[in-house]
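What follows is the content of run18.cif, which has mmCIF, C-alpha atoms and all ligand atoms:
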data_final
#
loop_
_atom_site.group_PDB
_atom_site.id
_atom_site.type_symbol
_atom_site.label_atom_id
_atom_site.label_comp_id
_atom_site.auth_asym_id
_atom_site.auth_seq_id
_atom_site.Cartn_x
_atom_site.Cartn_y
_atom_site.Cartn_z
ATOM 1 C CA MET I 202 0.263 25.726 25.921
ATOM 2 C CA MET I 203 -2.272 25.195 23.156
ATOM 3 C CA THR I 204 -5.742 24.037 24.130
ATOM 4 C CA GLY I 205 -7.531 21.391 22.063
ATOM 5 C CA ASN I 206 -9.601 24.046 20.290
ATOM 6 C CA SER I 207 -6.733 26.365 19.480
ATOM 7 C CA ARG I 208 -4.653 23.408 18.263
ATOM 8 C CA ARG I 209 -7.442 22.337 15.924
ATOM 9 C CA GLY I 210 -7.793 25.925 14.785
ATOM 10 C CA PHE I 211 -4.072 26.050 14.109
ATOM 11 C CA PHE I 212 -4.062 22.905 11.970
ATOM 12 C CA ARG I 213 -7.248 23.924 10.147
ATOM 13 C CA GLU I 214 -5.686 27.293 9.346
ATOM 14 C CA LEU I 215 -2.464 25.604 8.263
ATOM 15 C CA ALA I 216 -4.345 23.194 5.988
ATOM 16 C CA SER I 217 -6.205 26.123 4.455
ATOM 17 C CA VAL I 218 -2.969 28.083 3.927
ATOM 18 C CA VAL I 219 -1.392 25.072 2.226
ATOM 19 C CA ALA I 220 -4.479 24.647 0.038
ATOM 20 C CA SER I 221 -4.485 28.296 -1.035
ATOM 21 C CA ALA I 222 -0.736 28.225 -1.698
ATOM 22 C CA ARG I 223 -1.309 25.268 -4.008
ATOM 23 C CA GLU I 224 -4.189 27.026 -5.733
ATOM 24 C CA ALA I 225 -1.936 30.007 -6.365
ATOM 25 C CA THR I 226 0.755 27.917 -8.064
ATOM 26 C CA GLU I 227 -1.277 25.259 -9.850
ATOM 27 C CA PRO I 228 -3.855 25.608 -12.611
ATOM 28 C CA PRO I 229 -7.347 25.392 -11.151
ATOM 29 C CA THR I 230 -8.857 21.944 -11.490
ATOM 30 C CA PRO I 231 -12.472 21.096 -10.735
ATOM 31 C CA GLN I 232 -12.477 19.236 -7.436
ATOM 32 C CA GLN I 233 -14.737 19.084 -4.470
ATOM 33 C CA PRO I 234 -13.574 21.022 -1.419
ATOM 34 C CA LEU I 235 -11.917 19.023 1.330
ATOM 35 C CA ASP I 236 -14.453 19.132 4.116
ATOM 36 C CA LEU I 237 -12.710 17.706 7.152
ATOM 37 C CA THR I 238 -14.203 17.456 10.603
ATOM 38 C CA ASP I 239 -12.226 18.787 13.554
ATOM 39 C CA ALA I 240 -11.298 15.228 14.476
ATOM 40 C CA GLU I 241 -10.028 14.505 10.949
ATOM 41 C CA VAL I 242 -7.982 17.699 10.912
ATOM 42 C CA GLU I 243 -6.351 16.599 14.147
ATOM 43 C CA ARG I 244 -5.957 12.948 13.106
ATOM 44 C CA TYR I 245 -4.187 13.845 9.859
ATOM 45 C CA SER I 246 -2.491 17.018 11.098
ATOM 46 C CA ARG I 247 1.067 15.717 10.854
ATOM 47 C CA GLN I 248 0.665 14.781 7.220
ATOM 48 C CA LEU I 249 -1.515 17.813 6.358
ATOM 49 C CA VAL I 250 1.273 20.154 7.435
ATOM 50 C CA LEU I 251 3.789 18.491 5.114
ATOM 51 C CA PRO I 252 4.399 20.853 2.188
ATOM 52 C CA GLU I 253 4.299 17.842 -0.167
ATOM 53 C CA TRP I 254 0.974 16.629 1.202
ATOM 54 C CA GLY I 255 -1.672 19.141 2.181
ATOM 55 C CA ALA I 256 -5.356 19.139 1.363
ATOM 56 C CA ALA I 257 -5.127 17.853 -2.221
ATOM 57 C CA ALA I 258 -3.270 14.700 -1.189
ATOM 58 C CA GLN I 259 -5.648 14.124 1.711
ATOM 59 C CA LEU I 260 -8.593 14.349 -0.656
ATOM 60 C CA ALA I 261 -6.932 11.873 -3.021
ATOM 61 C CA VAL I 262 -6.416 9.242 -0.315
ATOM 62 C CA THR I 263 -9.861 9.831 1.204
ATOM 63 C CA GLU I 264 -11.460 9.054 -2.142
ATOM 64 C CA ALA I 265 -9.233 6.055 -2.902
ATOM 65 C CA SER I 266 -10.146 2.399 -2.900
ATOM 66 C CA VAL I 267 -7.150 0.134 -2.314
ATOM 67 C CA LEU I 268 -6.949 -3.654 -2.267
ATOM 68 C CA VAL I 269 -4.239 -5.190 -0.068
ATOM 69 C CA ILE I 270 -3.564 -8.793 -1.072
ATOM 70 C CA GLY I 271 -2.299 -10.702 1.935
ATOM 71 C CA ALA I 272 -2.758 -9.853 5.615
ATOM 72 C CA GLY I 273 0.659 -11.151 6.650
ATOM 73 C CA ALA I 274 4.125 -9.730 7.220
ATOM 74 C CA LEU I 275 3.956 -7.160 4.389
ATOM 75 C CA GLY I 276 0.196 -6.634 4.466
ATOM 76 C CA ALA I 277 0.294 -5.600 8.123
ATOM 77 C CA PRO I 278 2.423 -2.456 7.789
ATOM 78 C CA VAL I 279 0.841 -1.663 4.418
ATOM 79 C CA ALA I 280 -2.736 -1.821 5.714
ATOM 80 C CA LEU I 281 -1.873 -0.074 8.995
ATOM 81 C CA TYR I 282 -0.193 2.864 7.284
ATOM 82 C CA LEU I 283 -2.908 3.172 4.639
ATOM 83 C CA ALA I 284 -5.653 3.117 7.267
ATOM 84 C CA GLY I 285 -3.682 5.589 9.363
ATOM 85 C CA ALA I 286 -3.301 7.935 6.394
ATOM 86 C CA GLY I 287 -7.062 7.878 5.812
ATOM 87 C CA VAL I 288 -7.433 5.820 2.625
ATOM 88 C CA GLY I 289 -11.199 5.792 2.161
ATOM 89 C CA ARG I 290 -11.756 2.112 1.420
ATOM 90 C CA ILE I 291 -9.365 -0.748 2.107
ATOM 91 C CA GLY I 292 -10.047 -4.292 1.006
ATOM 92 C CA ILE I 293 -7.863 -6.848 2.780
ATOM 93 C CA LEU I 294 -7.671 -10.307 1.324
ATOM 94 C CA ASP I 295 -6.253 -13.493 2.827
ATOM 95 C CA ASP I 296 -7.481 -17.075 2.924
ATOM 96 C CA ASP I 297 -5.304 -18.172 5.859
ATOM 97 C CA GLU I 298 -5.934 -18.382 9.569
ATOM 98 C CA VAL I 299 -3.623 -16.834 12.156
ATOM 99 C CA GLU I 300 -0.939 -19.247 13.395
ATOM 100 C CA LEU I 301 1.471 -18.972 16.316
ATOM 101 C CA SER I 302 4.421 -18.908 13.903
ATOM 102 C CA ASN I 303 3.014 -15.754 12.231
ATOM 103 C CA LEU I 304 3.147 -13.524 15.269
ATOM 104 C CA HIS I 305 6.824 -12.535 15.219
ATOM 105 C CA ARG I 306 6.317 -10.540 12.030
ATOM 106 C CA GLN I 307 2.608 -10.137 11.244
ATOM 107 C CA LEU I 308 1.818 -7.149 13.420
ATOM 108 C CA LEU I 309 -1.927 -7.060 12.794
ATOM 109 C CA HIS I 310 -2.439 -10.342 14.655
ATOM 110 C CA PHE I 311 -2.110 -11.009 18.380
ATOM 111 C CA THR I 312 -1.938 -14.226 20.408
ATOM 112 C CA PRO I 313 -5.720 -14.379 21.092
ATOM 113 C CA ASP I 314 -6.295 -14.245 17.301
ATOM 114 C CA ILE I 315 -4.734 -17.677 16.679
ATOM 115 C CA GLY I 316 -7.172 -19.694 14.590
ATOM 116 C CA ALA I 317 -9.110 -16.641 13.383
ATOM 117 C CA PRO I 318 -9.246 -15.776 9.679
ATOM 118 C CA LYS I 319 -6.418 -13.329 9.006
ATOM 119 C CA ALA I 320 -8.624 -11.075 6.897
ATOM 120 C CA GLU I 321 -11.097 -10.674 9.786
ATOM 121 C CA SER I 322 -8.379 -10.292 12.405
ATOM 122 C CA ALA I 323 -6.695 -7.608 10.304
ATOM 123 C CA ALA I 324 -9.939 -5.775 9.568
ATOM 124 C CA ALA I 325 -10.796 -5.578 13.274
ATOM 125 C CA LYS I 326 -7.470 -3.887 14.102
ATOM 126 C CA LEU I 327 -7.717 -1.490 11.158
ATOM 127 C CA ARG I 328 -11.203 -0.406 12.281
ATOM 128 C CA TYR I 329 -9.819 0.244 15.769
ATOM 129 C CA LEU I 330 -7.047 2.322 14.273
ATOM 130 C CA ASN I 331 -9.296 4.423 12.048
ATOM 131 C CA PRO I 332 -13.085 4.027 12.247
ATOM 132 C CA ASP I 333 -13.517 6.456 9.336
ATOM 133 C CA VAL I 334 -11.995 3.963 6.891
ATOM 134 C CA VAL I 335 -14.297 1.417 5.259
ATOM 135 C CA VAL I 336 -12.511 -1.923 5.681
ATOM 136 C CA GLU I 337 -13.662 -4.938 3.700
ATOM 137 C CA PRO I 338 -12.152 -8.319 4.649
ATOM 138 C CA TYR I 339 -12.103 -11.100 2.030
ATOM 139 C CA HIS I 340 -11.398 -14.608 3.274
ATOM 140 C CA VAL I 341 -10.313 -15.904 -0.140
ATOM 141 C CA ARG I 342 -7.104 -16.609 -1.999
ATOM 142 C CA ALA I 343 -6.125 -14.515 -5.011
ATOM 143 C CA THR I 344 -5.831 -16.798 -8.038
ATOM 144 C CA ALA I 345 -5.534 -16.455 -11.797
ATOM 145 C CA GLU I 346 -9.267 -17.210 -11.941
ATOM 146 C CA ASN I 347 -10.510 -14.485 -9.585
ATOM 147 C CA ALA I 348 -7.758 -11.861 -10.044
ATOM 148 C CA ALA I 349 -9.634 -9.817 -12.660
ATOM 149 C CA ALA I 350 -12.736 -9.576 -10.472
ATOM 150 C CA LEU I 351 -10.644 -8.650 -7.429
ATOM 151 C CA VAL I 352 -8.792 -5.739 -9.013
ATOM 152 C CA GLU I 353 -11.799 -4.392 -10.943
ATOM 153 C CA GLY I 354 -12.766 -0.917 -9.712
ATOM 154 C CA GLN I 355 -9.737 -0.477 -7.442
ATOM 155 C CA ASP I 356 -7.641 2.675 -7.622
ATOM 156 C CA LEU I 357 -4.600 0.729 -6.496
ATOM 157 C CA VAL I 358 -3.596 -2.804 -5.573
ATOM 158 C CA VAL I 359 -0.807 -3.594 -3.127
ATOM 159 C CA ASP I 360 0.394 -7.158 -3.539
ATOM 160 C CA CYS I 361 1.630 -8.470 -0.205
ATOM 161 C CA SER I 362 1.303 -12.135 -1.126
ATOM 162 C CA ASP I 363 4.102 -14.629 -0.652
ATOM 163 C CA SER I 364 3.639 -16.572 -3.874
ATOM 164 C CA PHE I 365 5.030 -16.029 -7.343
ATOM 165 C CA ALA I 366 1.896 -17.510 -8.909
ATOM 166 C CA THR I 367 -0.214 -14.866 -7.149
ATOM 167 C CA ARG I 368 2.176 -12.061 -8.143
ATOM 168 C CA TYR I 369 2.002 -12.975 -11.828
ATOM 169 C CA ALA I 370 -1.793 -13.366 -11.687
ATOM 170 C CA ILE I 371 -2.251 -9.992 -9.983
ATOM 171 C CA ASN I 372 0.222 -8.292 -12.318
ATOM 172 C CA ALA I 373 -1.652 -9.608 -15.370
ATOM 173 C CA ALA I 374 -5.032 -8.563 -13.958
ATOM 174 C CA CYS I 375 -3.815 -5.085 -12.983
ATOM 175 C CA CYS I 376 -2.265 -4.587 -16.416
ATOM 176 C CA ALA I 377 -5.471 -5.673 -18.168
ATOM 177 C CA ALA I 378 -7.584 -3.344 -16.010
ATOM 178 C CA ARG I 379 -4.933 -0.594 -15.956
ATOM 179 C CA VAL I 380 -4.981 -0.547 -12.169
ATOM 180 C CA ARG I 381 -1.799 0.711 -10.517
ATOM 181 C CA LEU I 382 0.091 -1.876 -8.510
ATOM 182 C CA VAL I 383 2.816 -2.049 -5.868
ATOM 183 C CA GLU I 384 4.696 -5.356 -5.808
ATOM 184 C CA ALA I 385 7.120 -6.503 -3.130
ATOM 185 C CA GLY I 386 8.758 -9.558 -1.675
ATOM 186 C CA VAL I 387 10.861 -10.253 1.392
ATOM 187 C CA LEU I 388 12.959 -13.193 2.510
ATOM 188 C CA GLY I 389 15.575 -13.460 5.215
ATOM 189 C CA LEU I 390 17.110 -10.009 5.465
ATOM 190 C CA ALA I 391 16.414 -8.850 1.919
ATOM 191 C CA GLY I 392 13.559 -7.731 -0.252
ATOM 192 C CA LEU I 393 12.444 -5.671 -3.187
ATOM 193 C CA VAL I 394 9.751 -3.141 -3.987
ATOM 194 C CA MET I 395 8.382 -2.069 -7.371
ATOM 195 C CA SER I 396 5.601 0.306 -8.438
ATOM 196 C CA ILE I 397 3.753 -0.331 -11.677
ATOM 197 C CA LYS I 398 1.630 2.041 -13.753
ATOM 198 C CA PRO I 399 0.223 -0.285 -16.433
ATOM 199 C CA GLY I 400 0.770 0.907 -19.973
ATOM 200 C CA ARG I 401 3.164 3.607 -18.781
ATOM 201 C CA THR I 402 5.931 1.852 -16.847
ATOM 202 C CA ALA I 403 7.502 -1.599 -16.762
ATOM 203 C CA CYS I 404 5.331 -4.241 -15.126
ATOM 204 C CA TYR I 405 6.374 -7.069 -12.812
ATOM 205 C CA ARG I 406 6.629 -9.484 -15.748
ATOM 206 C CA CYS I 407 8.772 -6.986 -17.673
ATOM 207 C CA ALA I 408 11.198 -7.135 -14.723
ATOM 208 C CA PHE I 409 10.887 -10.885 -14.107
ATOM 209 C CA PRO I 410 9.665 -12.551 -17.321
ATOM 210 C CA VAL I 411 9.577 -16.061 -15.876
ATOM 211 C CA GLU I 412 8.860 -17.429 -12.452
ATOM 212 C CA PRO I 413 12.078 -18.403 -10.668
ATOM 213 C CA VAL I 414 12.466 -22.144 -10.288
ATOM 214 C CA GLY I 415 13.140 -23.473 -6.802
ATOM 215 C CA ALA I 416 12.915 -20.074 -5.086
ATOM 216 C CA PRO I 417 13.051 -20.583 -1.323
ATOM 217 C CA ARG I 418 9.886 -20.019 0.661
ATOM 218 C CA CYS I 419 9.533 -18.041 3.849
ATOM 219 C CA ALA I 420 8.720 -21.190 5.849
ATOM 220 C CA ASP I 421 12.014 -22.782 4.722
ATOM 221 C CA ALA I 422 14.390 -19.833 4.458
ATOM 222 C CA GLY I 423 12.963 -17.720 7.290
ATOM 223 C CA VAL I 424 12.470 -13.985 7.620
ATOM 224 C CA LEU I 425 13.107 -11.458 10.361
ATOM 225 C CA GLY I 426 10.109 -9.417 11.477
ATOM 226 C CA PRO I 427 11.703 -5.986 11.116
ATOM 227 C CA ALA I 428 12.981 -6.876 7.621
ATOM 228 C CA ALA I 429 9.385 -7.491 6.553
ATOM 229 C CA GLY I 430 8.455 -4.279 8.351
ATOM 230 C CA VAL I 431 10.952 -2.257 6.305
ATOM 231 C CA ILE I 432 9.818 -3.708 2.984
ATOM 232 C CA GLY I 433 6.120 -3.377 3.907
ATOM 233 C CA SER I 434 6.678 0.227 4.988
ATOM 234 C CA LEU I 435 8.373 0.998 1.676
ATOM 235 C CA GLN I 436 5.422 -0.587 -0.073
ATOM 236 C CA ALA I 437 2.973 1.579 1.905
ATOM 237 C CA LEU I 438 5.015 4.650 0.998
ATOM 238 C CA GLU I 439 4.895 3.705 -2.680
ATOM 239 C CA ALA I 440 1.122 3.306 -2.409
ATOM 240 C CA LEU I 441 0.730 6.796 -0.933
ATOM 241 C CA LYS I 442 3.040 8.250 -3.604
ATOM 242 C CA LEU I 443 0.997 6.663 -6.386
ATOM 243 C CA LEU I 444 -2.307 7.818 -4.881
ATOM 244 C CA THR I 445 -1.236 11.411 -4.313
ATOM 245 C CA GLY I 446 1.736 12.160 -6.554
ATOM 246 C CA VAL I 447 3.569 13.730 -3.606
ATOM 247 C CA ALA I 448 6.835 12.122 -4.755
ATOM 248 C CA PRO I 449 7.953 9.951 -7.680
ATOM 249 C CA ALA I 450 7.248 6.251 -7.250
ATOM 250 C CA ILE I 451 9.856 3.543 -7.822
ATOM 251 C CA ALA I 452 8.653 2.847 -11.352
ATOM 252 C CA ASP I 453 10.461 1.531 -14.445
ATOM 253 C CA GLY I 454 12.611 -0.356 -12.001
ATOM 254 C CA PHE I 455 12.677 -1.827 -8.552
ATOM 255 C CA LEU I 456 14.423 -1.143 -5.289
ATOM 256 C CA GLN I 457 16.516 -4.036 -4.059
ATOM 257 C CA VAL I 458 17.054 -3.837 -0.323
ATOM 258 C CA ASP I 459 19.760 -5.756 1.531
ATOM 259 C CA LEU I 460 19.178 -5.188 5.216
ATOM 260 C CA ALA I 461 22.225 -7.246 6.217
ATOM 261 C CA THR I 462 24.506 -4.639 4.640
ATOM 262 C CA ALA I 463 22.020 -1.736 4.704
ATOM 263 C CA GLU I 464 22.404 -1.336 0.932
ATOM 264 C CA PHE I 465 19.582 0.006 -1.210
ATOM 265 C CA LEU I 466 20.077 -0.585 -4.927
ATOM 266 C CA ARG I 467 17.805 0.908 -7.564
ATOM 267 C CA VAL I 468 17.625 -1.422 -10.581
ATOM 268 C CA ASN I 469 16.240 0.099 -13.772
ATOM 269 C CA VAL I 470 13.837 -1.937 -15.896
ATOM 270 C CA SER I 471 12.440 -1.074 -19.331
ATOM 271 C CA ARG I 472 9.110 -2.189 -20.727
ATOM 272 C CA ARG I 473 9.511 -5.338 -22.824
ATOM 273 C CA PRO I 474 7.912 -5.161 -26.275
ATOM 274 C CA ASP I 475 7.119 -8.892 -25.972
ATOM 275 C CA CYS I 476 5.732 -8.766 -22.407
ATOM 276 C CA ALA I 477 2.784 -11.135 -22.165
ATOM 277 C CA ASP I 478 1.030 -8.842 -19.667
ATOM 278 C CA CYS I 479 1.598 -5.274 -20.829
ATOM 279 C CA SER I 480 2.913 -5.187 -24.416
ATOM 280 C CA ASP I 481 -0.515 -4.513 -25.929
ATOM 281 C CA LEU I 482 -1.368 -1.604 -23.598
HETATM 282 ZN ZN ZN Z 501 5.172 -5.913 -18.800
#

Please render this file's structure as C-alpha cells.
Amino acid sequence: MMTGNSRRGFFRELASVVASAREATEPPTPQQPLDLTDAEVERYSRQLVLPEWGAAAQLAVTEASVLVIGAGALGAPVALYLAGAGVGRIGILDDDEVELSNLHRQLLHFTPDIGAPKAESAAAKLRYLNPDVVVEPYHVRATAENAAALVEGQDLVVDCSDSFATRYAINAACCAARVRLVEAGVLGLAGLVMSIKPGRTACYRCAFPVEPVGAPRCADAGVLGPAAGVIGSLQALEALKLLTGVAPAIADGFLQVDLATAEFLRVNVSRRPDCADCSDL
C-alpha cells in the first residue's frame, strides 16, 4: 500500500513525465514552470494524470479569472467544478437571497442559508471546497448597464442566469471585450449549452437573434434538480475546455439536451454578418 509520501511522489513524478512528454512534442513556448505544493499535486492528481490535461492545463486554470453569473441551479455545479479544478479566481454574482424553493436544485445552498445572499452563501462553500481559490462574491444583478464593467478583465464568463435580458446583455459585453463565454439554459427536463469565442465563432445572438416572446420561466414551468445539474456540469466542462484547450468546445453551434428522451443534438450555427453584437469584430 502506498504511503502518503510515496503517493505524492508518484503523482509528482507522473505530472513531470506528462510535462516532459508535452515538451518533447510541442514547440517550446515561454511559460513559467508549474510550481505545485505537495497538497496541490494530491488535490489535482486525478486531473493531472489525464493525458489531455497535465501540467500545462493546470497552469492555465490556476492563472485564470472566471466570472460565474448566477449562483443558482446552473451556477452551483459550474462554480463547484471550477473551484475543484483549481481555477485561480472565481467571481460569483447574484443579487438574490436563498429561498426554501431553491434548495432542491441549487446545491451550493443549504437549509440554514435561507435568507442569506446567494453570492455570499456560494462563496463560503467554494472556499471550504478549495481554500487556494480566490472567491469574490458580488451581491448585484447583471444588467445592460453594468455588464461591460463586470466582464472587463475576465478570462472567461459563464452565464448561469435565468433571464434572456441578462443573456443578451452579457453576450454583447463579452463580444465587445472579446471575453470568451459559455451560455446555457435549462427548463423542465431540457436545456442547451453553447460556447462562444467572440470574433471567431457564432455568438448567442447569432444563434438566437431575438428574445423569445412568452418563454416560460422556471418558477412557472418547473425544473428538475438533476436536469439543471447535467446542464451546469456540461457548462463547467465547456469552461475548462475553453481555458485549457484540452478538447474542442461546443462552438459555432449549441448542444440541445433532452433529458426526457436522453437525446443530445448538436445544432450548428454560423456567424451572422448582420449580428448586432459580433458582426464588427
Ligand atoms: Zn453574433

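The environment of I:Arg418 within 12 Å, counting only C-alpha atoms and disregarding residues fewer than 5 places along the same chain, consists of Ser362, Asp363, Ser364, Phe365, Gly386, Val387, Leu388, Gly389, Pro413, Gly423 and Val424 of chain I.
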
Q: Tell me, in Å to one decimal, how far atom CA of I:Ala477 is from atom CA of I:Gly454.
A: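 These two atoms are separated by 17.8 Å.
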
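Restricting the atom set to only C-alpha atoms and all ligand atoms, one finds that the residues within 6 Å of ligand ZN 501 (chain Z) amount to Ala403, Cys404, Arg406, Cys407, Arg472, Arg473, Cys476, Asp478 and Cys479 of chain I.
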
Q) Distance atom CA of I:Asp296-atom CA of I:Met395, one decimal place? A)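 Going from atom CA of I:Asp296 over to atom CA of I:Met395 covers 24.1 Å.
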
Return as an mmCIF file with C-alpha atoms, in the frame of the given file the set of residues that the PyMOL selection byres (((chain I and resi 269) around 6) and not hetatm) yields on the displayed structure.
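Done, and the output landed in expr16.cif:
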data_model
loop_
_atom_site.group_PDB
_atom_site.id
_atom_site.type_symbol
_atom_site.label_atom_id
_atom_site.label_comp_id
_atom_site.auth_asym_id
_atom_site.auth_seq_id
_atom_site.Cartn_x
_atom_site.Cartn_y
_atom_site.Cartn_z
ATOM 1 C CA LEU I 268 -6.949 -3.654 -2.267
ATOM 2 C CA ILE I 270 -3.564 -8.793 -1.072
ATOM 3 C CA GLY I 292 -10.047 -4.292 1.006
ATOM 4 C CA ILE I 293 -7.863 -6.848 2.780
ATOM 5 C CA VAL I 359 -0.807 -3.594 -3.127
#

Q) I:Ile315, I:Leu327, I:Ile451, I:Cys375: which is nearest I:Leu301, counting all atoms listed in the file? A)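 Smallest distance to I:Leu301 is found for I:Ile315.
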
Hey, can you pull every residue with an atom no more than 6 Å from (14.7, 3.0, -6.6), using all atoms listed in the file, and send it as a tab-separated table (two decimals) with C-alpha atoms, keeping the file's coordinate frame?
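Okay, this is what ended up in point_19.tsv:
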chain	number	residue	atom	x	y	z
I	451	ILE	CA	9.86	3.54	-7.82
I	455	PHE	CA	12.68	-1.83	-8.55
I	456	LEU	CA	14.42	-1.14	-5.29
I	467	ARG	CA	17.80	0.91	-7.56

Q: Would you please work out which residue, of I:Thr367, I:Arg306, I:Ser396, I:Leu249, is nearest to I:Ala348 when using all atoms listed in the file?
A: I:Thr367
